[in-house]
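Here is the structure we will look at.
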Amino acid sequence: TSSIDFLASDTQRSVGLLVIGDEILKGLTMDTNTNAAAGVLRQNNVLLKRVVTVSDDQEDIVKEIERMQDEVDIVITSGGVGPTHDDVTIKSVAAALGCKMVLNEQMVDLLKEKMDNKDGEEKANDLTEAQIKMATLPLNSKLRYLSEDKNDWPILQCQNLFILPGVPKFFSEKIESLAVYLSSQLERSITFRIVLSIDEPSIVNILNAAVENHPNVIFGSYPFVDHPDVKTVLTLEGRMVPGTKSRNSTVFLERTIFAETSFSKDQMDVHVQDALDDLIKDLPERSILRVDNDDGLLFS
């Protein structure tokens with residue numbers, strides 16, 4: 001099988017896992033969370049592409065989040081959450097995303113609810129200093145209730161980052177529900193490949209026009225230098241959320257992933273089909289060697 005046949009799978013949406021904790025790096029605690037995440041993500045057909053362990057240092061965490069943002073679509077963190085001085089994950093996430101830290105009303109209400117329910121009676125509305133720290137989250141954070149158990153704590157989502165606890169028991173519970181959620185949210189559109197007999201520079205204007213006219217489609221362009229017949233392969237895949245007019249070959253840049261405005265699979269398929277029809281119409285005559293999709297060859 002040639003490398004051409006793998007181009008569609010290269011665009012599979014991916015996850016990076018950032019394990020945070022000095023105790024892991026010092027060998028004081030065994031990292032079982034990576035194994036738990038790898039297994040359950042694989043079971044749910046979610047690609048775990050990168051795993052990194054860093055110390056409880058905000059600068060290190062920010063740098064690694066920024067690096068992962070260039071390589072994967074979703075970042076999951078493990079550890080470094082809580083009210084103590086060395087729990088800096090949430091602040092680091094805010095810094096990496098360029099977000100302010102604000103008092104999150106959802107979390108305030110949740111903490112008050114937990115306080116009221118603990119002893120079966122209402123408590124004063126005032127939160128402790130530690131609880132105020134827990135309720136201070138990056139701007140526009142969301143609490144995702146992914147478990148069927150109403151008493152379970154939600155998972156914190158900040159754009160395309162999901163922040164999980166580091167305690168293995170709690171992490172394994174959260175990653176199971178998150179993996180199921182990601183699997184349902186990461187449903188892909190149909191993917192098309194257009195195999196061409198002409199060099200990439202000769203279609204730049206056509207491709208740029210397609211990108212301009214179809215902002216909800218991700219276009220990839222792959223030149224082949226040594227192949228006797230194939231010179232360029234174009235790929236088309238639908239965006240999950242409304243996109244900007246940008247061209248991207250490998251990494252998905254919808255940082256508002258899972259927004260309320262996300263497209264259904266049917267909608268994404270329509271966007272891709274429209275873009276394909278326009279490209280086929282605009283490409284030079286006889287330059288197309290074949291067009292195929294996930295189901296196989298369409299025509300040649």
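For the structure tokens, the naming scheme is as follows: chains receive sequential letters (A, B, ...) according to their order of presentation, residues are indexed from 1 within each chain, and ligands are indexed from 1 in presentation order.
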Alpha helix (DSSP H) positions in stretch 57-258 of chain A, given as a ChimeraX atom specification: /A:58-69,89-97,105-118,129-135,168-185,204-213
Closest atom pairs, residues of stretch 57-84 of chain A within 10 Å of stretch 159-180 of chain A, only C-alpha atoms, as CSV:
```
residue,atom,partner,partner_atom,distance
A:Ile65,CA,A:Leu161,CA,9.1
A:Gln69,CA,A:Asn160,CA,8.9
A:Val72,CA,A:Asn160,CA,9.8
A:Asp73,CA,A:Asn160,CA,7.1
A:Ile74,CA,A:Asn160,CA,5.2
A:Val75,CA,A:Leu161,CA,4.8
A:Ile76,CA,A:Phe162,CA,4.8
A:Thr77,CA,A:Ile163,CA,5.0
A:Ser78,CA,A:Gly166,CA,4.8
A:Gly79,CA,A:Gly166,CA,3.5
A:Gly80,CA,A:Gly166,CA,6.9
A:Val81,CA,A:Pro165,CA,6.3
A:Gly82,CA,A:Pro165,CA,8.5
```
Generate the output file for the selected residues, all heavy atoms, as a compact mmCIF listing (two decimals), in the first residue's frame.
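After the write, out-v1.txt holds the following:
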```txt
# COMPACT_ATOMS: atom_id res chain seq x y z
N ILE A 65 1.38 22.74 27.23
CA ILE A 65 0.04 22.91 26.67
C ILE A 65 0.12 23.59 25.32
O ILE A 65 -0.53 23.17 24.35
CB ILE A 65 -0.85 23.72 27.64
CG1 ILE A 65 -1.19 22.90 28.88
CG2 ILE A 65 -2.14 24.16 26.94
CD1 ILE A 65 -1.95 23.67 29.94
N GLN A 69 -1.07 22.03 21.77
CA GLN A 69 -2.09 22.70 20.97
C GLN A 69 -1.73 22.70 19.48
O GLN A 69 -2.61 22.77 18.63
CB GLN A 69 -2.28 24.15 21.45
CG GLN A 69 -2.89 24.28 22.83
CD GLN A 69 -4.40 24.08 22.81
OE1 GLN A 69 -4.90 23.08 22.32
NE2 GLN A 69 -5.13 25.05 23.33
N VAL A 72 -2.20 18.29 18.63
CA VAL A 72 -3.40 17.47 18.87
C VAL A 72 -4.62 18.37 18.92
O VAL A 72 -4.52 19.59 19.02
CB VAL A 72 -3.29 16.64 20.17
CG1 VAL A 72 -2.12 15.68 20.11
CG2 VAL A 72 -3.17 17.55 21.39
N ASP A 73 -5.79 17.74 18.88
CA ASP A 73 -7.04 18.49 18.88
C ASP A 73 -7.61 18.71 20.27
O ASP A 73 -8.24 19.72 20.53
CB ASP A 73 -8.08 17.75 18.03
CG ASP A 73 -7.57 17.52 16.63
OD1 ASP A 73 -7.36 18.50 15.92
OD2 ASP A 73 -7.36 16.36 16.26
N ILE A 74 -7.41 17.73 21.15
CA ILE A 74 -7.92 17.81 22.51
C ILE A 74 -6.78 17.51 23.47
O ILE A 74 -6.00 16.59 23.24
CB ILE A 74 -9.07 16.80 22.76
CG1 ILE A 74 -10.24 17.07 21.83
CG2 ILE A 74 -9.54 16.85 24.21
CD1 ILE A 74 -10.34 16.11 20.69
N VAL A 75 -6.69 18.29 24.54
CA VAL A 75 -5.69 18.07 25.58
C VAL A 75 -6.41 17.69 26.86
O VAL A 75 -7.35 18.36 27.29
CB VAL A 75 -4.82 19.31 25.81
CG1 VAL A 75 -3.83 19.06 26.94
CG2 VAL A 75 -4.09 19.71 24.53
N ILE A 76 -5.98 16.60 27.48
CA ILE A 76 -6.51 16.16 28.77
C ILE A 76 -5.38 16.27 29.79
O ILE A 76 -4.27 15.78 29.54
CB ILE A 76 -7.00 14.70 28.71
CG1 ILE A 76 -8.13 14.56 27.68
CG2 ILE A 76 -7.48 14.24 30.08
CD1 ILE A 76 -8.53 13.11 27.42
N THR A 77 -5.65 16.91 30.91
CA THR A 77 -4.64 16.99 31.96
C THR A 77 -5.01 16.07 33.11
O THR A 77 -6.19 15.81 33.37
CB THR A 77 -4.48 18.43 32.49
OG1 THR A 77 -5.65 18.82 33.21
CG2 THR A 77 -4.22 19.40 31.35
N SER A 78 -3.99 15.61 33.81
CA SER A 78 -4.16 14.74 34.97
C SER A 78 -3.33 15.31 36.11
O SER A 78 -2.10 15.41 36.00
CB SER A 78 -3.70 13.32 34.63
OG SER A 78 -3.47 12.56 35.81
N GLY A 79 -4.01 15.68 37.20
CA GLY A 79 -3.28 16.12 38.37
C GLY A 79 -3.11 17.63 38.47
O GLY A 79 -3.39 18.38 37.54
N GLY A 80 -2.64 18.07 39.64
CA GLY A 80 -2.37 19.49 39.86
C GLY A 80 -3.59 20.33 40.08
O GLY A 80 -3.57 21.54 39.85
N VAL A 81 -4.70 19.71 40.51
CA VAL A 81 -5.92 20.47 40.80
C VAL A 81 -6.26 20.33 42.28
O VAL A 81 -6.12 19.25 42.85
CB VAL A 81 -7.11 19.99 39.93
CG1 VAL A 81 -6.87 20.33 38.48
CG2 VAL A 81 -7.36 18.50 40.09
N GLY A 82 -6.68 21.40 42.87
CA GLY A 82 -7.00 21.40 44.30
C GLY A 82 -6.66 22.74 44.92
O GLY A 82 -6.20 23.65 44.23
```
Based on the backbone DSSP call, show me all residues of stretch 127-296 of chain A assigned strand (DSSP E), as a PyMOL selection string. chain A and resi 136-138+142-144+155-158+161-164+191-196+217-223+232-238+288-293+296
Env of A:Val52: 10 Å cut, atoms = only C-alpha atoms, seq-sep filter 2 positions within chain, self excluded. Answer as a PyMOL selection string. chain A and resi 16-20+34+50+54+64-65+68+77
May I have the residues within 9 Å of A:Ile90 as a PyMOL selection string, using only C-alpha atoms and disregarding those fewer than 3 positions away in the same chain? chain A and resi 80-81+87+93-95+101+136-138+163
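The space between atom CA of A:Ile24 and atom CA of A:Gly39 spans 19.7 Å.
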Would you compute the distance between atom CA of A:Asn45 and atom CA of A:Ser184? Give it in Å to one decimal.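 Distance reported for this atom pair: 9.9 Å.
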Proximity to A:Gly98 - best of A:Ala209, A:Leu139, A:Leu25, A:Leu234, only C-alpha atoms: A:Leu139
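Of the residues listed (A:Asp229, A:Asp199, A:Ile194, A:Val204), A:Ile194 shows the shortest atom-to-atom separation from A:Asp277; distances use only C-alpha atoms.
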Please determine, counting only C-alpha atoms, which residue among A:Leu146, A:Lys112, A:Gln185, A:Val230 has the shortest atom-to-atom distance to A:Asn44. A:Gln185
Between A:Ser264, A:Thr89, A:Asn208, A:Thr191, which one has atoms that come closest to A:Asp292, using only C-alpha atoms?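 Among the listed residues, the smallest separation from A:Asp292 belongs to A:Thr191.
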Can you tell me which residues surround A:Val272 at a distance of at most 12 Å, considering only C-alpha atoms, apart from same-chain residues fewer than 6 positions away, and format the answer as a list in words?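 The contact residues come out as Arg188, Ser189, Ile190, Thr191, Phe192, Arg193, Ala210, Val211, Asn213, His214, Pro215, Asn216, Val217, Ile218, Phe219, Thr235, Leu236, Glu237, Gly238, Arg239, Met240, Lys265, Asp266, Asp278, Leu279 and Asn293 of chain A.
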Would you write out those residues with N, CA and C atoms, as an mmCIF file, in the first residue's frame?
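Output file out30.cif is given in full below:
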```cif
data_model
loop_
_atom_site.group_PDB
_atom_site.id
_atom_site.type_symbol
_atom_site.label_atom_id
_atom_site.label_comp_id
_atom_site.auth_asym_id
_atom_site.auth_seq_id
_atom_site.Cartn_x
_atom_site.Cartn_y
_atom_site.Cartn_z
ATOM 1 N N ARG A 188 -16.577 11.933 12.626
ATOM 2 C CA ARG A 188 -15.977 12.590 11.469
ATOM 3 C C ARG A 188 -16.942 12.674 10.308
ATOM 4 N N SER A 189 -16.714 13.672 9.495
ATOM 5 C CA SER A 189 -17.433 13.745 8.229
ATOM 6 C C SER A 189 -16.803 12.753 7.264
ATOM 7 N N ILE A 190 -17.429 12.591 6.134
ATOM 8 C CA ILE A 190 -16.809 11.822 5.068
ATOM 9 C C ILE A 190 -15.537 12.544 4.634
ATOM 10 N N THR A 191 -14.529 11.814 4.244
ATOM 11 C CA THR A 191 -13.265 12.387 3.788
ATOM 12 C C THR A 191 -13.029 11.998 2.335
ATOM 13 N N PHE A 192 -12.711 12.983 1.507
ATOM 14 C CA PHE A 192 -12.415 12.729 0.100
ATOM 15 C C PHE A 192 -10.941 12.964 -0.182
ATOM 16 N N ARG A 193 -10.405 12.181 -1.118
ATOM 17 C CA ARG A 193 -9.067 12.392 -1.672
ATOM 18 C C ARG A 193 -9.198 12.617 -3.172
ATOM 19 N N ALA A 210 -11.009 27.702 -3.285
ATOM 20 C CA ALA A 210 -11.848 26.705 -2.610
ATOM 21 C C ALA A 210 -11.854 26.937 -1.107
ATOM 22 N N VAL A 211 -10.690 27.229 -0.545
ATOM 23 C CA VAL A 211 -10.586 27.510 0.887
ATOM 24 C C VAL A 211 -11.415 28.739 1.245
ATOM 25 N N ASN A 213 -14.022 29.944 -0.376
ATOM 26 C CA ASN A 213 -15.455 29.735 -0.608
ATOM 27 C C ASN A 213 -16.079 28.684 0.305
ATOM 28 N N HIS A 214 -15.237 27.858 0.931
ATOM 29 C CA HIS A 214 -15.760 26.768 1.769
ATOM 30 C C HIS A 214 -15.055 26.765 3.129
ATOM 31 N N PRO A 215 -15.347 27.765 3.970
ATOM 32 C CA PRO A 215 -14.643 27.880 5.265
ATOM 33 C C PRO A 215 -14.954 26.757 6.241
ATOM 34 N N ASN A 216 -15.999 25.982 5.981
ATOM 35 C CA ASN A 216 -16.360 24.897 6.900
ATOM 36 C C ASN A 216 -15.790 23.553 6.460
ATOM 37 N N VAL A 217 -14.805 23.609 5.559
ATOM 38 C CA VAL A 217 -14.119 22.405 5.091
ATOM 39 C C VAL A 217 -12.625 22.575 5.318
ATOM 40 N N ILE A 218 -11.978 21.520 5.783
ATOM 41 C CA ILE A 218 -10.529 21.523 5.960
ATOM 42 C C ILE A 218 -9.892 20.895 4.727
ATOM 43 N N PHE A 219 -9.001 21.649 4.090
ATOM 44 C CA PHE A 219 -8.320 21.183 2.888
ATOM 45 C C PHE A 219 -6.878 20.816 3.227
ATOM 46 N N THR A 235 -6.941 16.556 0.079
ATOM 47 C CA THR A 235 -7.897 15.920 0.982
ATOM 48 C C THR A 235 -8.909 16.957 1.444
ATOM 49 N N LEU A 236 -10.135 16.508 1.651
ATOM 50 C CA LEU A 236 -11.220 17.368 2.110
ATOM 51 C C LEU A 236 -11.938 16.685 3.261
ATOM 52 N N GLU A 237 -12.139 17.411 4.348
ATOM 53 C CA GLU A 237 -12.886 16.888 5.486
ATOM 54 C C GLU A 237 -13.646 18.030 6.142
ATOM 55 N N GLY A 238 -14.844 17.750 6.659
ATOM 56 C CA GLY A 238 -15.678 18.787 7.249
ATOM 57 C C GLY A 238 -15.211 19.215 8.623
ATOM 58 N N ARG A 239 -15.387 20.497 8.893
ATOM 59 C CA ARG A 239 -15.108 21.027 10.218
ATOM 60 C C ARG A 239 -16.277 20.716 11.150
ATOM 61 N N MET A 240 -15.962 20.473 12.416
ATOM 62 C CA MET A 240 -17.004 20.204 13.402
ATOM 63 C C MET A 240 -17.748 21.468 13.793
ATOM 64 N N LYS A 265 -23.040 15.387 11.533
ATOM 65 C CA LYS A 265 -22.307 14.688 10.492
ATOM 66 C C LYS A 265 -22.936 14.943 9.122
ATOM 67 N N ASP A 266 -24.257 14.939 9.058
ATOM 68 C CA ASP A 266 -24.924 15.187 7.776
ATOM 69 C C ASP A 266 -24.572 16.566 7.230
ATOM 70 N N ASP A 278 -17.136 21.684 -6.466
ATOM 71 C CA ASP A 278 -16.517 22.898 -6.998
ATOM 72 C C ASP A 278 -15.084 22.641 -7.458
ATOM 73 N N LEU A 279 -14.335 21.869 -6.657
ATOM 74 C CA LEU A 279 -12.948 21.580 -7.032
ATOM 75 C C LEU A 279 -12.879 20.788 -8.332
ATOM 76 N N ASN A 293 -13.086 8.039 -1.331
ATOM 77 C CA ASN A 293 -13.450 8.428 0.021
ATOM 78 C C ASN A 293 -13.255 7.261 0.957
#
```
Straight-line distance linking atom CA of A:Ser183 with atom CA of A:Glu105, stated in Å to one decimal: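 Separation between atom CA of A:Ser183 and atom CA of A:Glu105: 28.6 Å.
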